[in-house]
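Shown below: protein_21.txt, with compact mmCIF, C-alpha atoms.
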# COMPACT_ATOMS: atom_id res chain seq x y z
CA MET Z 1 0.00 0.00 0.00
CA LYS Z 2 1.42 3.37 -1.01
CA ALA Z 3 1.61 6.27 1.43
CA GLY Z 4 -1.72 8.07 1.40
CA THR Z 5 -3.56 5.15 -0.19
CA PHE Z 6 -7.05 5.07 1.19
CA ILE Z 7 -8.90 2.34 -0.67
CA LYS Z 8 -7.17 -1.02 -0.79
CA ASP Z 9 -8.08 -4.60 -1.66
CA LEU Z 10 -11.45 -3.51 -2.90
CA SER Z 11 -13.08 -5.47 -5.68
CA PHE Z 12 -16.66 -6.01 -6.67
CA THR Z 13 -18.60 -6.61 -9.84
CA VAL Z 14 -21.93 -5.07 -10.71
CA GLU Z 15 -24.28 -6.86 -13.07
CA ASN Z 16 -26.67 -5.09 -15.44
CA GLY Z 17 -29.91 -4.01 -13.78
CA GLN Z 18 -28.69 -4.34 -10.19
CA PHE Z 19 -29.72 -1.94 -7.46
CA ILE Z 20 -26.73 -1.61 -5.16
CA GLY Z 21 -26.35 0.36 -1.97
CA LEU Z 22 -23.01 1.44 -0.54
CA LEU Z 23 -23.29 1.63 3.20
CA GLY Z 24 -20.70 2.82 5.67
CA ALA Z 25 -19.81 5.42 8.25
CA ASN Z 26 -18.79 8.97 7.34
CA GLY Z 27 -15.38 8.97 5.67
CA SER Z 28 -15.44 5.23 4.99
CA GLY Z 29 -14.82 5.73 1.26
CA LYS Z 30 -18.28 5.56 -0.33
CA SER Z 31 -17.90 8.80 -2.27
CA THR Z 32 -14.35 7.91 -3.32
CA ILE Z 33 -15.58 4.60 -4.74
CA LEU Z 34 -18.30 6.40 -6.72
CA LYS Z 35 -15.79 8.95 -8.02
CA LEU Z 36 -13.49 6.14 -9.12
CA ALA Z 37 -16.41 4.36 -10.77
CA SER Z 38 -17.44 7.54 -12.59
CA GLY Z 39 -13.93 8.27 -13.89
CA ILE Z 40 -13.59 11.54 -11.97
CA LEU Z 41 -10.73 10.03 -9.98
CA THR Z 42 -8.15 7.71 -11.45
CA ALA Z 43 -6.93 4.83 -9.30
CA SER Z 44 -3.19 4.79 -8.60
CA GLY Z 45 -3.33 1.01 -8.92
CA GLY Z 46 -5.83 -1.56 -10.14
CA SER Z 47 -8.55 -0.80 -12.65
CA VAL Z 48 -12.18 0.18 -13.00
CA ASP Z 49 -13.85 -1.50 -15.96
CA LEU Z 50 -17.10 -0.40 -17.53
CA TRP Z 51 -18.76 -2.99 -19.76
CA GLY Z 52 -15.48 -4.83 -20.22
CA LYS Z 53 -13.33 -1.81 -21.04
CA SER Z 54 -11.21 0.34 -18.76
CA ILE Z 55 -13.20 3.42 -17.83
CA GLN Z 56 -10.27 5.67 -18.74
CA SER Z 57 -10.25 4.28 -22.30
CA TYR Z 58 -13.66 5.81 -23.06
CA LYS Z 59 -13.94 9.25 -24.61
CA ASN Z 60 -15.47 11.74 -22.17
CA LYS Z 61 -18.64 12.14 -24.21
CA ASP Z 62 -19.13 8.40 -24.73
CA ARG Z 63 -18.62 7.77 -21.04
CA ALA Z 64 -21.19 10.46 -20.17
CA LYS Z 65 -23.77 8.58 -22.27
CA LEU Z 66 -23.04 5.35 -20.43
CA LEU Z 67 -22.97 6.60 -16.86
CA SER Z 68 -24.34 9.54 -14.93
CA TYR Z 69 -23.15 10.64 -11.53
CA LEU Z 70 -24.80 12.86 -8.96
CA PRO Z 71 -22.21 14.36 -6.59
CA GLN Z 72 -22.88 14.65 -2.89
CA VAL Z 73 -22.48 18.43 -2.84
CA LEU Z 74 -23.81 20.47 -5.71
CA ASP Z 75 -24.80 24.08 -5.48
CA ILE Z 76 -25.44 26.90 -7.89
CA SER Z 77 -24.92 30.57 -7.19
CA ILE Z 78 -26.01 31.78 -10.65
CA PRO Z 79 -29.77 32.24 -11.20
CA PHE Z 80 -30.55 29.44 -13.66
CA THR Z 81 -34.16 28.37 -13.95
CA VAL Z 82 -35.16 24.87 -12.85
CA ARG Z 83 -35.66 23.83 -16.49
CA GLU Z 84 -32.20 25.11 -17.48
CA VAL Z 85 -30.54 23.14 -14.68
CA VAL Z 86 -32.40 19.93 -15.55
CA SER Z 87 -31.61 20.42 -19.26
CA MET Z 88 -27.91 20.20 -18.43
CA GLY Z 89 -28.50 16.45 -18.27
CA LEU Z 90 -28.81 16.56 -22.07
CA TYR Z 91 -25.31 17.94 -22.60
CA PRO Z 92 -23.64 14.69 -23.66
CA TYR Z 93 -26.16 14.31 -26.49
CA ASP Z 94 -26.16 15.77 -29.97
CA ILE Z 95 -29.57 14.23 -30.65
CA LEU Z 96 -32.56 14.05 -28.35
CA PRO Z 97 -32.40 11.24 -25.76
CA PRO Z 98 -35.43 9.06 -24.90
CA LEU Z 99 -36.51 11.24 -21.97
CA THR Z 100 -37.54 14.91 -22.24
CA THR Z 101 -36.91 17.65 -19.69
CA ASP Z 102 -40.62 17.88 -18.89
CA GLU Z 103 -40.87 14.14 -18.29
CA ALA Z 104 -37.85 14.22 -15.96
CA LEU Z 105 -39.35 17.14 -14.02
CA LYS Z 106 -42.67 15.34 -13.76
CA MET Z 107 -40.95 12.26 -12.38
CA VAL Z 108 -39.57 14.20 -9.43
CA GLY Z 109 -42.76 16.22 -8.90
CA LEU Z 110 -41.37 19.59 -9.99
CA ALA Z 111 -43.18 20.14 -13.30
CA HIS Z 112 -45.01 23.14 -11.82
CA LYS Z 113 -41.71 24.85 -10.94
CA ALA Z 114 -40.03 24.43 -14.33
CA ILE Z 115 -39.74 28.12 -15.15
CA ARG Z 116 -39.11 29.22 -11.60
CA ASN Z 117 -35.87 30.85 -10.71
CA TYR Z 118 -33.49 28.54 -8.96
CA ASN Z 119 -34.48 29.62 -5.46
CA LEU Z 120 -35.68 26.39 -3.93
CA SER Z 121 -35.49 24.52 -0.65
CA GLY Z 122 -32.66 22.03 -0.08
CA GLY Z 123 -34.93 19.05 -0.77
CA GLU Z 124 -36.33 20.58 -3.97
CA ARG Z 125 -32.81 21.28 -5.21
CA ARG Z 126 -31.95 17.63 -4.62
CA ARG Z 127 -34.94 16.61 -6.73
CA VAL Z 128 -33.83 18.99 -9.50
CA TYR Z 129 -30.40 17.33 -9.55
CA ILE Z 130 -31.98 13.89 -9.55
CA ALA Z 131 -34.16 14.88 -12.55
CA MET Z 132 -31.01 16.13 -14.29
CA THR Z 133 -29.20 12.85 -13.60
CA LEU Z 134 -32.15 10.80 -14.87
CA LEU Z 135 -32.39 12.96 -17.99
CA GLN Z 136 -28.83 12.01 -18.87
CA GLY Z 137 -30.40 8.63 -19.64
CA ALA Z 138 -27.31 6.57 -18.87
CA GLY Z 139 -27.41 2.82 -18.25
CA LEU Z 140 -25.39 3.17 -15.04
CA VAL Z 141 -26.52 5.73 -12.48
CA LEU Z 142 -24.21 6.61 -9.59
CA LEU Z 143 -25.84 8.57 -6.80
CA ASP Z 144 -23.88 9.95 -3.87
CA GLU Z 145 -26.28 10.29 -0.95
CA PRO Z 146 -29.21 11.53 -3.03
CA LEU Z 147 -31.57 11.12 -0.07
CA ALA Z 148 -29.83 13.85 1.96
CA ASN Z 149 -32.21 16.79 2.59
CA LEU Z 150 -35.21 14.86 1.25
CA ASP Z 151 -38.21 14.46 3.49
CA ILE Z 152 -39.57 10.99 4.14
CA ARG Z 153 -42.14 11.23 1.32
CA TYR Z 154 -39.56 12.01 -1.35
CA GLN Z 155 -37.10 9.47 0.04
CA ILE Z 156 -39.72 6.80 -0.50
CA GLU Z 157 -40.77 8.22 -3.88
CA LEU Z 158 -37.18 8.38 -5.11
CA ILE Z 159 -36.56 4.74 -4.18
CA ARG Z 160 -39.83 3.81 -5.94
CA LEU Z 161 -38.87 5.85 -9.00
CA LEU Z 162 -35.44 4.25 -9.23
CA LYS Z 163 -36.96 0.79 -8.93
CA GLU Z 164 -39.47 1.61 -11.67
CA LEU Z 165 -36.71 2.89 -13.93
CA ARG Z 166 -34.70 -0.22 -13.31
CA ALA Z 167 -37.68 -2.36 -14.22
CA SER Z 168 -38.70 -0.36 -17.30
CA ARG Z 169 -35.29 0.67 -18.70
CA GLY Z 170 -33.00 -1.89 -17.12
CA ILE Z 171 -30.68 0.72 -15.62
CA THR Z 172 -28.08 -0.20 -13.03
CA ILE Z 173 -28.00 1.92 -9.89
CA ILE Z 174 -25.26 2.32 -7.32
CA MET Z 175 -26.17 4.58 -4.45
CA ALA Z 176 -24.27 5.71 -1.35
CA LEU Z 177 -26.57 6.01 1.62
CA HIS Z 178 -26.74 6.18 5.40
CA ASP Z 179 -30.28 5.14 6.23
CA ILE Z 180 -30.25 1.49 7.23
CA ASN Z 181 -34.02 1.24 6.84
CA ILE Z 182 -33.82 2.45 3.25
CA ALA Z 183 -30.96 -0.01 2.73
CA LEU Z 184 -33.47 -2.83 3.17
CA GLN Z 185 -34.88 -1.90 -0.24
CA PHE Z 186 -31.73 -2.72 -2.20
CA ASP Z 187 -30.87 -5.97 -4.01
CA THR Z 188 -27.31 -5.91 -2.86
CA LEU Z 189 -25.54 -3.98 -0.16
CA VAL Z 190 -21.84 -3.30 0.08
CA LEU Z 191 -20.74 -2.44 3.61
CA ILE Z 192 -17.54 -0.41 3.72
CA LYS Z 193 -15.19 0.48 6.51
CA GLU Z 194 -12.00 2.51 6.07
CA GLY Z 195 -11.84 1.82 2.34
CA LYS Z 196 -12.37 -1.92 2.64
CA ILE Z 197 -15.43 -4.05 2.03
CA ILE Z 198 -16.44 -5.78 5.23
CA GLY Z 199 -19.69 -7.24 3.98
CA THR Z 200 -21.53 -7.72 0.73
CA GLY Z 201 -24.71 -9.49 -0.26
CA THR Z 202 -28.43 -9.19 0.27
CA PRO Z 203 -29.73 -6.84 2.99
CA ASP Z 204 -30.52 -9.87 5.16
CA ALA Z 205 -26.92 -11.02 4.93
CA VAL Z 206 -25.31 -7.62 5.45
CA LEU Z 207 -27.59 -5.93 7.98
CA THR Z 208 -26.56 -8.05 10.91
CA GLY Z 209 -25.68 -6.82 14.37
CA ASN Z 210 -22.04 -7.84 14.13
CA LEU Z 211 -21.34 -6.26 10.74
CA LEU Z 212 -23.14 -3.03 11.61
CA LYS Z 213 -21.28 -2.84 14.91
CA ASP Z 214 -18.02 -3.25 13.02
CA ALA Z 215 -18.95 -0.60 10.42
CA PHE Z 216 -20.53 2.04 12.64
CA ASP Z 217 -19.05 1.23 16.04
CA VAL Z 218 -22.44 1.07 17.74
CA GLU Z 219 -24.34 -1.79 19.28
CA VAL Z 220 -27.18 -2.70 16.95
CA ASP Z 221 -29.97 -5.10 17.71
CA ILE Z 222 -32.10 -6.11 14.75
CA LYS Z 223 -35.37 -7.96 15.14
CA ARG Z 224 -37.43 -9.13 12.21
CA GLU Z 225 -41.15 -9.72 12.33
CA GLU Z 226 -43.05 -12.28 10.30
CA SER Z 227 -44.89 -9.44 8.55
CA GLY Z 228 -41.59 -8.13 7.21
CA GLY Z 229 -41.28 -5.24 9.62
CA VAL Z 230 -37.87 -4.61 11.09
CA TYR Z 231 -36.96 -3.13 14.43
CA ILE Z 232 -33.51 -1.68 14.73
CA LYS Z 233 -32.16 -0.68 18.10
CA PHE Z 234 -28.98 1.35 18.38
CA SER Z 235 -27.07 1.59 21.62
CA ILE Z 236 -24.88 4.59 21.07
CA LEU Z 237 -21.79 5.45 23.06
CA LEU Z 238 -22.10 7.74 26.09
CA ARG Z 239 -24.73 5.33 27.41
CA LEU Z 240 -27.46 6.85 25.31
CA SER Z 241 -29.87 4.30 24.02
CA LEU Z 242 -31.79 5.24 20.90
CA THR Z 243 -34.60 3.02 19.81
CA VAL Z 244 -35.87 3.52 16.30
CA LYS Z 245 -38.93 1.57 15.39
CA PHE Z 246 -39.71 1.36 11.71
CA GLY Z 247 -42.10 -0.95 9.94
CA ILE Z 248 -40.89 -1.21 6.38
CA THR Z 249 -43.01 -3.63 4.47
CA GLY Z 250 -41.41 -5.05 1.40
CA GLU Z 251 -41.75 -3.10 -1.82
CA SER Z 252 -44.12 -0.42 -0.55
CA CYS Z 253 -41.42 0.99 1.75
CA GLU Z 254 -43.76 2.68 4.20
CA LYS Z 255 -42.29 4.12 7.34
CA THR Z 256 -44.82 3.84 10.13
CA GLY Z 257 -42.49 4.34 13.02
CA THR Z 258 -42.81 6.10 16.31
CA ALA Z 259 -40.67 9.04 17.29
CA PRO Z 260 -37.20 8.11 18.57
CA GLN Z 261 -37.24 7.51 22.31
CA LEU Z 262 -34.14 8.57 24.16
CA MET S 1 -24.38 50.42 -0.12
CA GLY S 2 -23.23 47.09 1.22
CA TRP S 3 -26.02 47.06 3.79
CA LYS S 4 -29.04 44.84 3.24
CA ARG S 5 -31.62 43.31 5.56
CA GLY S 6 -30.00 44.53 8.75
CA GLY S 7 -26.41 43.52 8.01
CA PHE S 8 -23.39 43.99 5.77
CA TRP S 9 -23.22 41.61 2.81
CA PRO S 10 -19.58 41.08 1.79
CA ASP S 11 -20.49 40.64 -1.91
CA ARG S 12 -22.53 43.82 -1.99
CA LEU S 13 -19.85 45.72 -0.10
CA LEU S 14 -17.18 44.57 -2.56
CA LEU S 15 -19.26 45.46 -5.61
CA ALA S 16 -20.22 48.81 -4.08
CA GLY S 17 -16.52 49.55 -3.56
CA VAL S 18 -15.68 48.66 -7.15
CA GLY S 19 -18.60 50.76 -8.40
CA LEU S 20 -17.67 53.80 -6.31
CA GLY S 21 -14.04 53.47 -7.39
CA PHE S 22 -15.09 53.59 -11.03
CA LEU S 23 -17.46 56.50 -10.43
CA PHE S 24 -14.88 58.71 -8.73
CA SER S 25 -12.23 57.80 -11.30
CA ALA S 26 -14.71 58.78 -13.99
CA ILE S 27 -15.37 62.13 -12.28
CA LEU S 28 -11.62 62.70 -12.06
CA MET S 29 -11.21 61.89 -15.73
CA LEU S 30 -14.13 64.17 -16.57
CA LEU S 31 -12.47 67.08 -14.77
CA MET S 32 -9.16 66.27 -16.43
CA SER S 33 -10.67 66.06 -19.87
CA ILE S 34 -12.51 69.37 -19.44
CA SER S 35 -9.39 71.08 -18.15
CA SER S 36 -7.21 69.49 -20.84
CA THR S 37 -9.25 71.21 -23.50
CA ARG S 38 -8.29 74.52 -21.86
CA GLU S 39 -4.78 73.77 -20.71
CA GLN S 40 -3.79 71.47 -23.58
CA GLY S 41 -1.45 69.61 -21.29
CA VAL S 42 -3.24 66.96 -19.24
CA PRO S 43 -3.26 63.52 -20.79
CA CYS S 44 -6.57 61.72 -20.98
CA SER S 45 -5.73 58.61 -22.89
CA GLY S 46 -7.61 56.24 -20.55
CA TYR S 47 -11.37 55.77 -20.42
CA SER S 48 -11.70 56.36 -24.10
CA ALA S 49 -13.30 54.70 -27.04
CA THR S 50 -11.81 57.00 -29.60
CA PHE S 51 -8.56 58.33 -28.15
CA LEU S 52 -5.23 56.87 -29.35
CA LEU S 53 -4.13 53.52 -27.83
CA LEU S 54 -4.18 51.85 -31.21
CA THR S 55 -0.94 49.99 -30.60
CA GLY S 56 -0.02 46.60 -32.01
CA PRO S 57 -0.94 45.12 -35.37
CA LEU S 58 -4.67 45.34 -36.04
CA PHE S 59 -4.94 41.90 -37.65
CA LEU S 60 -3.47 40.26 -34.50
CA ARG S 61 -6.07 41.94 -32.34
CA ILE S 62 -8.86 40.87 -34.67
CA ILE S 63 -7.60 37.28 -34.55
CA PHE S 64 -7.46 37.22 -30.73
CA ILE S 65 -10.87 38.88 -30.34
CA THR S 66 -12.52 36.55 -32.88
CA ALA S 67 -10.84 33.46 -31.42
CA GLY S 68 -11.86 34.43 -27.90
CA LEU S 69 -15.48 34.94 -28.90
CA CYS S 70 -15.56 31.68 -30.87
CA ILE S 71 -14.08 29.68 -27.98
CA SER S 72 -16.55 31.26 -25.55
CA LEU S 73 -19.46 30.37 -27.84
CA LEU S 74 -18.22 26.85 -28.57
CA ARG S 75 -17.65 26.21 -24.87
CA ALA S 76 -20.89 27.81 -23.68
CA LYS S 77 -22.38 24.46 -22.61
CA SER S 78 -19.18 23.56 -20.83
CA LEU S 79 -19.25 26.91 -18.99
CA ASN S 80 -22.82 26.16 -17.91
CA ALA S 81 -21.76 22.76 -16.58
CA LEU S 82 -18.87 24.35 -14.67
CA VAL S 83 -21.43 26.30 -12.65
CA LEU S 84 -22.32 22.96 -11.03
CA GLY S 85 -18.70 22.21 -10.22
CA ASP S 86 -15.72 20.39 -11.68
CA ASP S 87 -17.12 16.91 -10.98
CA PHE S 88 -20.33 17.58 -12.86
CA HIS S 89 -18.33 19.18 -15.70
CA THR S 90 -16.27 15.99 -16.03
CA VAL S 91 -19.17 13.53 -15.89
CA SER S 92 -21.12 15.60 -18.43
CA GLY S 93 -18.49 14.63 -20.98
CA PHE S 94 -16.48 17.83 -21.25
CA PRO S 95 -12.69 17.48 -21.51
CA GLU S 96 -10.49 18.88 -18.77
CA LYS S 97 -8.31 20.55 -21.41
CA GLY S 98 -11.25 22.75 -22.45
CA LYS S 99 -10.99 24.68 -19.21
CA ILE S 100 -7.30 25.41 -19.91
CA TYR S 101 -8.06 26.58 -23.49
CA SER S 102 -10.72 28.97 -22.20
CA PHE S 103 -8.46 30.27 -19.47
CA CYS S 104 -5.48 30.77 -21.79
CA MET S 105 -7.57 32.51 -24.46
CA ARG S 106 -9.06 34.99 -21.97
CA GLN S 107 -5.93 37.11 -21.53
CA PRO S 108 -5.06 37.84 -25.19
CA HIS S 109 -8.78 38.30 -25.92
CA ASP S 110 -9.32 40.85 -23.14
CA SER S 111 -5.97 42.54 -23.75
CA SER S 112 -6.81 43.02 -27.42
CA PHE S 113 -9.92 44.92 -26.45
CA ARG S 114 -8.00 47.00 -23.93
CA ILE S 115 -5.30 48.09 -26.35
CA SER S 116 -7.90 48.83 -29.00
CA CYS S 117 -10.21 51.16 -27.07
CA GLY S 118 -8.69 51.78 -23.66
CA MET S 119 -10.16 50.98 -20.28
CA ILE S 120 -13.93 51.23 -20.40
CA GLY S 121 -15.41 50.74 -16.97
CA PHE S 122 -18.68 48.96 -16.22
CA ILE S 123 -19.38 47.37 -19.58
CA GLY S 124 -17.96 44.00 -18.51
CA LEU S 125 -19.54 44.33 -15.10
CA LEU S 126 -22.93 45.67 -16.07
CA ILE S 127 -23.91 44.24 -19.42
CA PRO S 128 -23.71 40.49 -18.58
CA HIS S 129 -25.95 41.09 -15.55
CA ILE S 130 -28.48 43.14 -17.54
CA ALA S 131 -28.37 40.48 -20.27
CA ARG S 132 -28.92 37.77 -17.64
CA PHE S 133 -32.10 39.50 -16.50
CA MET S 134 -33.28 39.65 -20.10
CA VAL S 135 -32.31 36.26 -21.55
CA GLY S 136 -31.45 34.05 -18.55
CA SER S 137 -28.15 32.51 -17.48
CA ASP S 138 -27.60 30.03 -20.31
CA ASN S 139 -24.18 31.00 -21.70
CA ARG S 140 -25.15 29.86 -25.21
CA ILE S 141 -27.44 32.90 -25.37
CA LEU S 142 -25.85 35.09 -22.70
CA VAL S 143 -22.38 35.30 -24.34
CA PRO S 144 -23.54 36.63 -27.75
CA VAL S 145 -26.18 38.90 -26.21
CA SER S 146 -23.56 40.35 -23.81
CA ALA S 147 -21.11 40.90 -26.68
CA ILE S 148 -23.70 42.70 -28.79
CA GLY S 149 -25.09 44.60 -25.79
CA GLY S 150 -21.60 45.69 -24.71
CA GLY S 151 -20.82 46.95 -28.20
CA MET S 152 -24.10 48.84 -28.35
CA LEU S 153 -23.56 50.50 -24.97
CA LEU S 154 -20.04 51.56 -26.00
CA CYS S 155 -21.32 53.09 -29.24
CA ILE S 156 -24.08 54.96 -27.40
CA ALA S 157 -21.65 56.16 -24.71
CA ASP S 158 -19.22 57.34 -27.38
CA LEU S 159 -22.00 59.15 -29.23
CA ILE S 160 -23.11 60.91 -26.03
CA GLY S 161 -19.50 61.75 -25.18
CA LYS S 162 -18.99 63.35 -28.57
CA SER S 163 -22.25 65.30 -28.63
CA VAL S 164 -23.20 66.61 -25.14
CA LEU S 165 -20.34 69.11 -24.71
CA SER S 166 -19.48 69.44 -28.37
CA PRO S 167 -16.94 70.44 -29.53
CA THR S 168 -15.38 69.13 -26.28
CA GLU S 169 -15.17 65.34 -26.47
CA LEU S 170 -15.82 63.31 -23.31
CA PRO S 171 -14.24 59.83 -23.08
CA ALA S 172 -16.78 57.01 -23.42
CA GLY S 173 -15.55 55.43 -20.16
CA ILE S 174 -16.84 58.43 -18.23
CA ILE S 175 -20.31 58.05 -19.73
CA THR S 176 -20.43 54.28 -19.02
CA ALA S 177 -19.30 54.91 -15.42
CA ILE S 178 -21.99 57.55 -14.93
CA ILE S 179 -24.60 55.14 -16.33
CA GLY S 180 -23.25 52.11 -14.45
CA ALA S 181 -22.26 53.38 -11.01
CA PRO S 182 -25.77 54.09 -9.68
For the structure just supplied, provide its representation as structure tokens.
Amino acid sequence: MKAGTFIKDLSFTVENGQFIGLLGANGSGKSTILKLASGILTASGGSVDLWGKSIQSYKNKDRAKLLSYLPQVLDISIPFTVREVVSMGLYPYDILPPLTTDEALKMVGLAHKAIRNYNLSGGERRRVYIAMTLLQGAGLVLLDEPLANLDIRYQIELIRLLKELRASRGITIIMALHDINIALQFDTLVLIKEGKIIGTGTPDAVLTGNLLKDAFDVEVDIKREESGGVYIKFSILLRLSLTVKFGITGESCEKTGTAPQL
Amino acid sequence: MGWKRGGFWPDRLLLAGVGLGFLFSAILMLLMSISSTREQGVPCSGYSATFLLLTGPLFLRIIFITAGLCISLLRAKSLNALVLGDDFHTVSGFPEKGKIYSFCMRQPHDSSFRISCGMIGFIGLLIPHIARFMVGSDNRILVPVSAIGGGMLLCIADLIGKSVLSPTELPAGIITAIIGAP
């Protein structure tokens, strides 16, 4: 390992149409992995292959048609309209892609704000960026914590939307996230700690007390009900015990939890 | 001038300082130009659209100005994407080298204008913002509209400068500063 190397011994393959969640504590390397996968960063060793070819061997424009990436932090200080920002998703194309700007805006529930000046709430801005990423129409979508700043309704709707797009267009999605309850909705989870994979597989296989304790350094007690609901109990350091009760039922992803009890 | 909603806004304060600086310089140049017509000794080569400063081969300046405008127009989409940051610029398919070309072309392009007509305050500051209000922030439209708008304002300022105190000729930069500073 070279001095300053952060990610090491990390290897995983993503199949077409998979819905993958990258889970890990802050600074564990989720964003770095997505930046490597998108070609923004170049690995000092090893390789990142996209459909059998090294990602660096693609021309920038060709790569932009194959994959889209939504960074974790994105902000605009210049007064673009919502439609102008979303239309930036069309930039890699010389001809019109399958999705139009209006359709993308409708998908994220912002069709009525298309001509509005870009003076929106944090959650609405997130949805604008998501519409822009979807409009890019790539087969591989990399999303770096897209659920940040979204209220519970839009968190659920975004997961639904992504699942629909995967079913209808066969896109592959890799998403960095923090919410363990949302993580239950993914096909495959990759649990990362300090740049290394410590667990990979289905949510049932990865979301275990031991692995989550290793990744987040908190005691986690997971109980599953026959109905599919999951209770997750965190025992955080400083002797605070936080109980979060969520009932997520399969595909519908409804949160019917009580307020956290300290 | 930098005060808004009960506090100082650093951006406003900075812009107000730049604006006031231009205004007072323009007043100084106005006084100098008026007195120079009487004394015939005070130079007033700056702030002018029509005074001297025609140094360097003309064809070279035309090449730099045309190339700068063409690169700005060709890279308008890339400039839009840069508003969302370097990462978005890269994943949108724009080459990294494009940023360097734009940056390198800026200096000869701007310098060619400067040596052709002198220092004209406010056009570069004012016109893109007025154009943004009119046509939006998309650089594909904003760049040509700003170029045409800037040229128009300079012509109007020069016309006013030549006619208001005729036969005394006021530098165009003074007129643009008087229009722009408020």
Proximity of chain S to chain Z: per-residue shortest pair, 10 Å limit, all atoms listed in the file, as a tab-separated table:
residue	atom	partner	partner_atom	distance
S:Lys77	CA	Z:Tyr91	CA	7.1
S:Ser78	CA	Z:Tyr91	CA	8.5
S:Asn80	CA	Z:Met88	CA	7.9
S:Ala81	CA	Z:Met88	CA	6.9
S:Leu82	CA	Z:Ile76	CA	9.8
S:Val83	CA	Z:Ile76	CA	6.3
S:Leu84	CA	Z:Ile76	CA	5.9
S:Gly85	CA	Z:Leu74	CA	7.0
S:Asp86	CA	Z:Ile40	CA	9.1
S:Asp87	CA	Z:Ile40	CA	6.5
S:Phe88	CA	Z:Pro71	CA	7.3
S:His89	CA	Z:Ile40	CA	9.7
S:Thr90	CA	Z:Ile40	CA	6.6
S:Val91	CA	Z:Ala64	CA	5.6
S:Ser92	CA	Z:Ala64	CA	5.4
S:Gly93	CA	Z:Lys61	CA	4.1
S:Phe94	CA	Z:Asn60	CA	6.2
S:Pro95	CA	Z:Asn60	CA	6.4
S:Glu96	CA	Z:Asn60	CA	9.3
S:Arg132	CA	Z:Pro79	CA	8.5
S:Phe133	CA	Z:Pro79	CA	9.3
S:Gly136	CA	Z:Phe80	CA	6.8
S:Ser137	CA	Z:Phe80	CA	5.5
S:Asp138	CA	Z:Phe80	CA	7.3
*asked:* List as a list in words the protein and nucleic acid residues near Asn26 (chain Z), meaning an atom at most 9 Å away when all atoms listed in the file are counted, but skip any in the same chain fewer than 2 places from it.
replied: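 The residues that qualify are Gly24, Ser28, Gly29, Lys30, His178 and Phe216 of chain Z.
A straight line drawn from CA of Asp144 (chain Z) to CA of Met175 (chain Z) is 5.9 Å long.
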*Which neighbours of Ser54 (chain Z) fall inside 12 Å, counting only C-alpha atoms, when residues of the same chain fewer than 4 positions from it are skipped, and could you give them as an MDAnalysis selection string?*
chainID Z and resid 36:39 42:43 46:50 58:59 63
For C-alpha atoms, I'd like the residues from the last selection saved as a short mmCIF file (atom, residue, chain, number, x, y, z; two decimals), in the frame of the given file.
data_model
loop_
_atom_site.label_atom_id
_atom_site.label_comp_id
_atom_site.auth_asym_id
_atom_site.auth_seq_id
_atom_site.Cartn_x
_atom_site.Cartn_y
_atom_site.Cartn_z
CA LEU Z 36 -13.49 6.14 -9.12
CA ALA Z 37 -16.41 4.36 -10.77
CA SER Z 38 -17.44 7.54 -12.59
CA GLY Z 39 -13.93 8.27 -13.89
CA THR Z 42 -8.15 7.71 -11.45
CA ALA Z 43 -6.93 4.83 -9.30
CA GLY Z 46 -5.83 -1.56 -10.14
CA SER Z 47 -8.55 -0.80 -12.65
CA VAL Z 48 -12.18 0.18 -13.00
CA ASP Z 49 -13.85 -1.50 -15.96
CA LEU Z 50 -17.10 -0.40 -17.53
CA TYR Z 58 -13.66 5.81 -23.06
CA LYS Z 59 -13.94 9.25 -24.61
CA ARG Z 63 -18.62 7.77 -21.04
#
*Is there a way to get, as JSON, numbers by chain, all residues within 6 Å of the point (-25.6, 3.7, -5.4) in file coordinates, counting all atoms listed in the file?*
{"Z": [20, 21, 22, 142, 143, 173, 174, 175, 176]}
*Fewer than 3 positions away in the same chain doesn't count, so skip those; otherwise give me all residues within 9 Å of Phe22 (chain S), counting only C-alpha atoms, as a list in words.*
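Using only C-alpha atoms, the neighbours found are Gly17, Val18, Gly19, Ser25, Ala26, Ile27, Gly121, Phe122, Ile174, Ala177, Ile178, Gly180 and Ala181 of chain S.
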*Tell me which of Z:Leu189, Z:Leu34, Z:Val82, Z:Leu211 sits closest to Asn119 (chain Z), counting all atoms listed in the file.*
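Smallest separation from Asn119 (chain Z) among the options: Z:Val82.
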